[in-house]
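Text of the file protein12.txt, holding compact mmCIF, C-alpha atoms and all ligand atoms:
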# COMPACT_ATOMS: atom_id res chain seq x y z
CA MET M 1 0.00 0.00 0.00
CA ALA M 2 0.98 3.62 -0.29
CA GLU M 3 2.87 5.17 2.55
CA VAL M 4 0.68 8.06 3.71
CA ILE M 5 2.42 10.94 5.48
CA ILE M 6 0.13 13.48 7.09
CA VAL M 7 1.89 16.80 7.54
CA ALA M 8 0.97 20.05 9.29
CA ASP M 9 1.07 22.22 6.19
CA LYS M 10 2.25 22.67 2.61
CA ALA M 11 5.66 23.93 3.68
CA ALA M 12 6.32 20.72 5.64
CA ALA M 13 5.25 18.66 2.63
CA GLY M 14 7.44 20.70 0.32
CA ALA M 15 10.48 20.31 2.57
CA LEU M 16 9.99 16.54 2.89
CA VAL M 17 9.64 15.86 -0.83
CA ALA M 18 12.31 18.38 -1.84
CA GLU M 19 14.74 16.67 0.54
CA GLU M 20 14.18 13.35 -1.25
CA ILE M 21 14.61 14.96 -4.67
CA ALA M 22 17.82 16.71 -3.55
CA ARG M 23 19.12 13.38 -2.24
CA LEU M 24 18.41 11.78 -5.63
CA VAL M 25 20.14 14.59 -7.52
CA ARG M 26 23.20 14.28 -5.30
CA THR M 27 23.42 10.49 -5.72
CA THR M 28 22.23 10.28 -9.35
CA PRO M 29 23.20 13.47 -11.20
CA ASP M 30 21.30 12.46 -14.36
CA VAL M 31 18.14 11.57 -12.40
CA VAL M 32 14.89 11.70 -14.36
CA LEU M 33 12.20 13.69 -12.55
CA GLY M 34 8.50 13.53 -13.38
CA LEU M 35 7.14 17.05 -13.04
CA ALA M 36 3.58 18.01 -12.21
CA THR M 37 2.16 21.50 -12.69
CA GLY M 38 -0.79 23.24 -11.01
CA SER M 39 -0.73 24.57 -7.44
CA THR M 40 0.12 21.37 -5.61
CA PRO M 41 3.83 20.89 -6.44
CA LEU M 42 4.73 24.53 -5.79
CA PRO M 43 5.89 24.02 -2.16
CA VAL M 44 8.30 21.36 -3.45
CA TYR M 45 9.65 23.58 -6.22
CA GLU M 46 9.97 26.48 -3.77
CA ALA M 47 11.95 24.40 -1.26
CA LEU M 48 14.34 22.93 -3.84
CA PRO M 49 16.68 25.81 -4.76
CA ALA M 50 18.04 26.13 -1.21
CA LEU M 51 18.61 22.36 -0.96
CA LEU M 52 20.31 22.23 -4.37
CA ASP M 53 22.58 25.18 -3.70
CA GLY M 54 26.08 24.11 -4.73
CA VAL M 55 24.83 20.81 -6.21
CA ASP M 56 25.57 20.13 -9.90
CA VAL M 57 22.14 20.04 -11.60
CA SER M 58 23.45 20.28 -15.17
CA ARG M 59 22.56 16.64 -15.97
CA VAL M 60 19.13 16.49 -14.33
CA ARG M 61 16.43 15.42 -16.75
CA GLY M 62 12.69 15.92 -16.47
CA PHE M 63 9.36 15.11 -18.11
CA ALA M 64 6.21 17.11 -17.42
CA LEU M 65 2.99 15.19 -16.99
CA ASP M 66 0.81 17.10 -19.38
CA GLU M 67 0.08 20.13 -21.54
CA TYR M 68 -2.96 21.88 -22.96
CA VAL M 69 -3.62 21.18 -26.63
CA GLY M 70 -3.73 24.14 -28.99
CA ILE M 71 -2.76 26.72 -26.38
CA THR M 72 -0.91 29.68 -27.92
CA PRO M 73 2.85 29.04 -27.73
CA GLY M 74 4.29 31.23 -24.99
CA HIS M 75 0.91 31.56 -23.21
CA PRO M 76 1.85 32.09 -19.54
CA GLU M 77 -0.42 29.22 -18.45
CA SER M 78 0.86 26.71 -21.01
CA TYR M 79 2.62 24.06 -18.97
CA ARG M 80 5.77 24.59 -21.02
CA GLU M 81 5.88 28.15 -19.68
CA VAL M 82 4.89 27.09 -16.16
CA ILE M 83 7.70 24.52 -16.05
CA ARG M 84 10.19 27.11 -17.37
CA ARG M 85 9.09 29.70 -14.79
CA GLU M 86 8.64 27.46 -11.75
CA VAL M 87 11.20 24.71 -12.27
CA ILE M 88 13.82 25.27 -14.96
CA GLU M 89 14.79 28.84 -14.10
CA PRO M 90 14.70 28.77 -10.28
CA LEU M 91 16.61 25.48 -10.19
CA GLY M 92 19.02 26.40 -12.97
CA LEU M 93 18.24 23.26 -14.99
CA ASP M 94 19.28 22.75 -18.60
CA PRO M 95 16.12 23.53 -20.65
CA ALA M 96 17.19 21.03 -23.32
CA ARG M 97 16.91 18.22 -20.75
CA ILE M 98 13.40 19.07 -19.57
CA ARG M 99 10.54 18.02 -21.83
CA VAL M 100 6.87 18.91 -21.87
CA PRO M 101 4.40 17.06 -24.13
CA ASP M 102 3.98 18.97 -27.38
CA GLY M 103 0.43 20.33 -27.42
CA SER M 104 0.72 22.19 -30.73
CA LEU M 105 -1.89 21.09 -33.24
CA ASP M 106 0.72 20.52 -35.92
CA GLY M 107 1.87 16.93 -35.29
CA ILE M 108 -0.52 16.25 -32.41
CA GLU M 109 -1.34 12.81 -33.91
CA HIS M 110 2.13 11.50 -33.08
CA ALA M 111 3.03 13.74 -30.12
CA GLY M 112 2.01 11.08 -27.59
CA GLU M 113 4.11 8.35 -29.17
CA ASP M 114 7.07 10.72 -29.49
CA TYR M 115 6.82 11.52 -25.79
CA GLU M 116 6.62 7.87 -24.78
CA ARG M 117 9.71 7.13 -26.86
CA ALA M 118 11.61 9.97 -25.18
CA ILE M 119 10.71 8.74 -21.68
CA THR M 120 11.76 5.21 -22.58
CA ALA M 121 15.03 6.45 -24.14
CA ALA M 122 15.78 8.33 -20.90
CA GLY M 123 15.46 5.06 -18.98
CA GLY M 124 12.13 5.99 -17.36
CA VAL M 125 11.17 8.40 -14.63
CA ASP M 126 12.86 7.93 -11.24
CA LEU M 127 10.53 10.04 -9.11
CA GLN M 128 7.16 11.23 -10.33
CA ILE M 129 5.50 14.15 -8.54
CA LEU M 130 1.71 14.00 -8.73
CA GLY M 131 -1.20 16.18 -7.70
CA ILE M 132 -4.78 14.95 -7.75
CA GLY M 133 -7.86 16.61 -9.22
CA THR M 134 -11.08 16.99 -7.25
CA ASP M 135 -12.55 14.39 -9.61
CA GLY M 136 -9.71 11.97 -8.85
CA HIS M 137 -7.63 12.58 -11.97
CA ILE M 138 -3.85 12.26 -11.97
CA GLY M 139 -2.00 13.81 -14.86
CA PHE M 140 -5.02 14.78 -16.92
CA ASN M 141 -6.35 11.22 -16.88
CA GLU M 142 -9.99 11.94 -16.24
CA PRO M 143 -12.39 9.36 -14.75
CA GLY M 144 -12.72 6.36 -17.07
CA SER M 145 -9.10 6.49 -18.26
CA SER M 146 -7.58 3.08 -18.88
CA PHE M 147 -4.98 1.89 -16.39
CA GLY M 148 -2.91 0.86 -19.41
CA SER M 149 -3.13 4.25 -21.14
CA LEU M 150 -0.05 5.96 -22.53
CA THR M 151 0.58 9.59 -23.46
CA ARG M 152 -2.31 10.78 -25.61
CA VAL M 153 -4.86 13.50 -26.18
CA LYS M 154 -7.75 13.66 -23.70
CA THR M 155 -10.83 15.84 -23.26
CA LEU M 156 -10.90 17.71 -19.96
CA THR M 157 -14.05 17.40 -17.85
CA GLU M 158 -16.03 20.56 -17.19
CA GLN M 159 -15.08 20.12 -13.52
CA THR M 160 -11.38 20.27 -14.34
CA ARG M 161 -11.87 23.28 -16.60
CA GLU M 162 -13.71 25.06 -13.80
CA ASP M 163 -11.01 24.08 -11.28
CA ASN M 164 -8.32 25.47 -13.61
CA ALA M 165 -10.23 28.63 -14.57
CA ARG M 166 -8.37 30.44 -11.77
CA PHE M 167 -5.25 30.40 -13.93
CA PHE M 168 -7.06 32.02 -16.88
CA ASP M 169 -9.20 35.14 -17.40
CA SER M 170 -12.34 33.01 -17.56
CA VAL M 171 -13.41 29.38 -17.80
CA ASP M 172 -14.03 29.92 -21.52
CA ASP M 173 -10.30 30.43 -21.98
CA VAL M 174 -9.41 27.03 -20.47
CA PRO M 175 -8.61 24.67 -23.35
CA ARG M 176 -10.92 21.67 -23.79
CA HIS M 177 -8.19 19.22 -24.73
CA CYS M 178 -4.89 18.21 -23.26
CA ILE M 179 -2.08 15.79 -23.95
CA THR M 180 -1.21 13.78 -20.87
CA GLN M 181 0.98 10.92 -19.77
CA GLY M 182 -1.32 7.93 -19.36
CA LEU M 183 -1.93 5.97 -16.19
CA GLY M 184 0.22 3.23 -17.73
CA THR M 185 3.01 5.77 -18.27
CA ILE M 186 2.75 7.06 -14.70
CA LEU M 187 2.73 3.54 -13.26
CA ARG M 188 6.10 2.85 -14.92
CA ALA M 189 7.85 5.55 -12.88
CA LYS M 190 9.99 4.06 -10.11
CA HIS M 191 8.56 6.12 -7.24
CA LEU M 192 5.26 8.00 -7.19
CA VAL M 193 4.90 10.93 -4.80
CA LEU M 194 1.35 12.25 -4.66
CA LEU M 195 0.75 15.49 -2.79
CA ALA M 196 -2.62 16.89 -1.75
CA PHE M 197 -3.62 19.98 0.20
CA GLY M 198 -6.93 21.36 1.40
CA ALA M 199 -10.40 20.06 2.15
CA GLY M 200 -11.34 20.13 -1.52
CA LYS M 201 -9.02 17.16 -2.13
CA ALA M 202 -10.15 15.04 0.86
CA ARG M 203 -12.70 12.96 -1.01
CA ALA M 204 -10.38 12.29 -3.96
CA VAL M 205 -7.49 11.34 -1.66
CA ALA M 206 -9.60 8.87 0.35
CA ALA M 207 -11.00 7.33 -2.83
CA ALA M 208 -7.55 7.02 -4.41
CA VAL M 209 -5.78 5.61 -1.36
CA GLU M 210 -8.47 3.51 0.33
CA GLY M 211 -11.29 3.11 -2.17
CA ALA M 212 -11.80 0.51 -4.87
CA VAL M 213 -9.22 0.32 -7.63
CA THR M 214 -11.31 1.60 -10.50
CA ALA M 215 -10.92 3.60 -13.68
CA SER M 216 -13.68 5.81 -12.27
CA VAL M 217 -11.06 7.13 -9.83
CA PRO M 218 -7.87 7.37 -11.91
CA GLY M 219 -5.84 8.18 -8.80
CA SER M 220 -6.67 4.73 -7.42
CA ALA M 221 -4.15 3.39 -9.97
CA ILE M 222 -1.49 4.25 -7.38
CA GLN M 223 -2.64 1.20 -5.40
CA LEU M 224 -1.13 -0.96 -8.17
CA HIS M 225 2.33 0.58 -7.79
CA PRO M 226 5.00 -0.92 -5.50
CA HIS M 227 6.45 2.38 -4.26
CA VAL M 228 4.05 5.22 -3.55
CA THR M 229 4.29 8.06 -1.05
CA VAL M 230 1.20 10.19 -0.42
CA VAL M 231 1.88 13.46 1.40
CA ALA M 232 -1.25 15.26 2.56
CA ASP M 233 -2.07 18.05 4.96
CA GLU M 234 -4.66 17.48 7.69
CA ALA M 235 -7.51 18.86 5.59
CA ALA M 236 -6.75 16.67 2.58
CA ALA M 237 -6.30 13.63 4.88
CA ALA M 238 -9.56 14.26 6.74
CA GLU M 239 -11.53 11.48 5.03
CA LEU M 240 -8.90 8.76 5.35
CA ALA M 241 -10.32 5.93 7.49
CA ASN M 242 -6.86 4.72 8.51
CA ALA M 243 -5.32 8.10 9.30
CA ASP M 244 -4.31 7.06 12.82
CA TYR M 245 -2.45 4.05 11.47
CA TYR M 246 -0.61 6.22 8.94
CA ARG M 247 0.42 8.61 11.71
CA TYR M 248 1.57 5.71 13.90
CA THR M 249 3.51 4.18 11.01
CA PHE M 250 5.30 7.43 10.22
CA ALA M 251 6.08 8.13 13.89
CA ASN M 252 7.67 4.67 14.13
CA LYS M 253 9.41 4.70 10.78
CA PRO M 254 12.79 2.99 10.87
CA ALA M 255 15.60 5.51 10.57
CA TRP M 256 17.17 3.57 7.69
CA GLN M 257 14.05 3.83 5.54
CA GLY M 258 13.70 6.83 3.24
CA ILE M 259 10.36 7.94 1.82
C1 LIG M 301 -0.92 18.91 -13.44
C2 LIG M 301 -1.67 17.67 -13.30
C3 LIG M 301 -2.97 17.61 -12.57
C4 LIG M 301 -2.96 18.39 -11.27
C5 LIG M 301 -4.34 18.36 -10.64
C6 LIG M 301 -4.39 19.15 -9.36
O1 LIG M 301 0.27 18.65 -14.15
O2 LIG M 301 -1.25 16.71 -13.82
O3 LIG M 301 -3.27 16.26 -12.27
O4 LIG M 301 -2.01 17.86 -10.41
O5 LIG M 301 -5.26 18.90 -11.54
O6 LIG M 301 -4.23 20.50 -9.64
P1 LIG M 301 -3.81 21.53 -8.52
O7 LIG M 301 -2.49 21.10 -8.03
O8 LIG M 301 -3.74 22.86 -9.21
O9 LIG M 301 -4.88 21.44 -7.49
Any chance you could put this one into structure tokens?
Amino acid sequence: MAEVIIVADKAAAGALVAEEIARLVRTTPDVVLGLATGSTPLPVYEALPALLDGVDVSRVRGFALDEYVGITPGHPESYREVIRREVIEPLGLDPARIRVPDGSLDGIEHAGEDYERAITAAGGVDLQILGIGTDGHIGFNEPGSSFGSLTRVKTLTEQTREDNARFFDSVDDVPRHCITQGLGTILRAKHLVLLAFGAGKARAVAAAVEGAVTASVPGSAIQLHPHVTVVADEAAAAELANADYYRYTFANKPAWQGI
């Protein structure tokens, strides 16, 4: 099962996950990171520069989870731009080593396959950061997505478009389509780290961690993976039936065991 770590706040979550990423970069300079966008991973990205100060990051590689299809190149909310602004620049990574799925309409038919090939050629993702949507999506794999799915174009639910409208002038500006790593792609990463903050995520977190494994809750795919860490604040953990056990487990975690 997933290890569930319940933390006091986003900053504690960010520090915990950033520490593990910094450890990986120090031990494996050409580590392959799986990068999420949205609000959830920000505390991790904000904690990283201080931990990587003086560490050689020139060989770090990365793959973003998803991108909007047909969004104007250079649009500040395109995930290519978000990754440049929030990850590549603050961490001083080599932009040529960090990929985002290509959401431009020209070539969209083969963009998914191209991305899969690139991930495979890189030897796979070592640590995949994940957020979760209020409807249970991970990446942009909306409810009903196949557990075997690979990078491909998907249609966003109206719920997801409304959730993401805060990044745009209005919900009408949120693209309807995206290109996203599939659940099958995500499950091939060596370590999944799913973060969740706030009461709005509580139902999705409980369903993903403790509910039935079902395509109706794409996040429940994490139950099929051998190495998963879920880091949630109290509000996002509020509907977990086994929260006391997770707290007990973490409090008694052997010192030799990382996350
Ligand atoms: C983003 C992504 C999505 C988000 C999810 C939660 O790359 O893949 O699954 O993680 O929509 O979004 P936030 O973090 O903005 O609540």
Distance cut-off 6 Å, centre (-6.5, 10.6, -10.3) in file coordinates, counting all atoms listed in the file: which residues qualify? Return them as a PyMOL selection string. chain M and resi 132+136-138+217-219
List the spatial neighbours of Ala12 (chain M) as a list of chain:residue names - criterion: any atom at most 12 Å away, only C-alpha atoms, same-chain residues fewer than 6 positions off excluded. M:Ile5, M:Ile6, M:Ala18, M:Glu19, M:Pro43, M:Val44, M:Glu46, M:Ala47, M:Leu195, M:Phe197, M:Val231, M:Ala232, M:Asp233, M:Glu234
Can you tell me which residues come within 9 Å of ligand LIG 301 (chain M) when counting all atoms listed in the file, ideally as a ChimeraX atom specification? /M:35-42,64-67,79,129-142,160,163-164,180-181,194-197,200-201
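Distance check against Ser216 (chain M) using only C-alpha atoms: of M:Arg161, M:Gly144, M:Leu192, M:Thr185, the minimum falls on M:Gly144.
With CA of Thr155 (chain M) on one side and CA of Arg176 (chain M) on the other, the separation reads 5.9 Å.
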Edge lengths and centre, in Å to one decimal, as lines of an AutoDock Vina configuration file: that's what I need for the box along x, y and z that holds all listed atoms of region 137-147 of chain M plus 6 Å on each side.
center_x = -7.4
center_y = 8.3
center_z = -15.4
size_x = 22.7
size_y = 24.9
size_z = 18.9
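CA of Glu81 (chain M) lies 11.4 Å from CA of Arg99 (chain M).
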Region 82-96 of chain M environment, 8 Å, all atoms listed in the file, sequence neighbours closer than 4 positions dropped, as a ChimeraX atom specification: /M:37,42,45,48-49,52,57-60,64,76-78
Set the distance at 12 Å and use all atoms listed in the file: which residues neighbour Thr249 (chain M) once local chain neighbours fewer than 5 positions away are removed? I'd like the list as JSON, numbers by chain. {"M": [2, 3, 4, 5, 6, 242, 243, 244, 254, 257]}
Glu239 (chain M) surroundings by only C-alpha atoms, 8 Å radius, close-in-sequence under 4 positions cut, as a PyMOL selection string: chain M and resi 202-203+205-206
Take the residues from that selection and put them in a file with C-alpha atoms, as a PDB file, in the frame of the given file.
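So out11.pdb came out as:
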ATOM      1  CA  ALA M 202     -10.150  15.040   0.860  1.00  0.00           C
ATOM      2  CA  ARG M 203     -12.700  12.960  -1.010  1.00  0.00           C
ATOM      3  CA  VAL M 205      -7.490  11.340  -1.660  1.00  0.00           C
ATOM      4  CA  ALA M 206      -9.600   8.870   0.350  1.00  0.00           C
TER       5      ALA M 206
END
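Using all atoms listed in the file for every distance, the candidate list M:Asp173, M:Asp30, M:Asp9, M:Glu210 yields M:Asp173 as the residue closest to His75 (chain M).
For the atom pair formed by CA of Leu127 (chain M) and CA of Ile259 (chain M), the distance is 11.1 Å, given to one decimal.
Proximity ranking of M:Arg23, M:Arg80, M:Val153, M:Arg97 relative to Glu109 (chain M) places M:Val153 first, based on all atoms listed in the file.
The list of residues with at least one atom within 6 Å of Ser149 (chain M), based on all atoms listed in the file and without residues fewer than 4 positions apart in the same chain, reads Gly182, Leu183 and Gly184 of chain M.
The closest residue to Thr72 (chain M), picked from M:Ala122, M:Val174, M:Ala251, M:Ala15 and counting all atoms listed in the file, is M:Val174.
Residue nearest Gly112 (chain M), chosen from M:Val228, M:Gln128, M:Ile179, M:Ala13 and counting all atoms listed in the file: M:Ile179.
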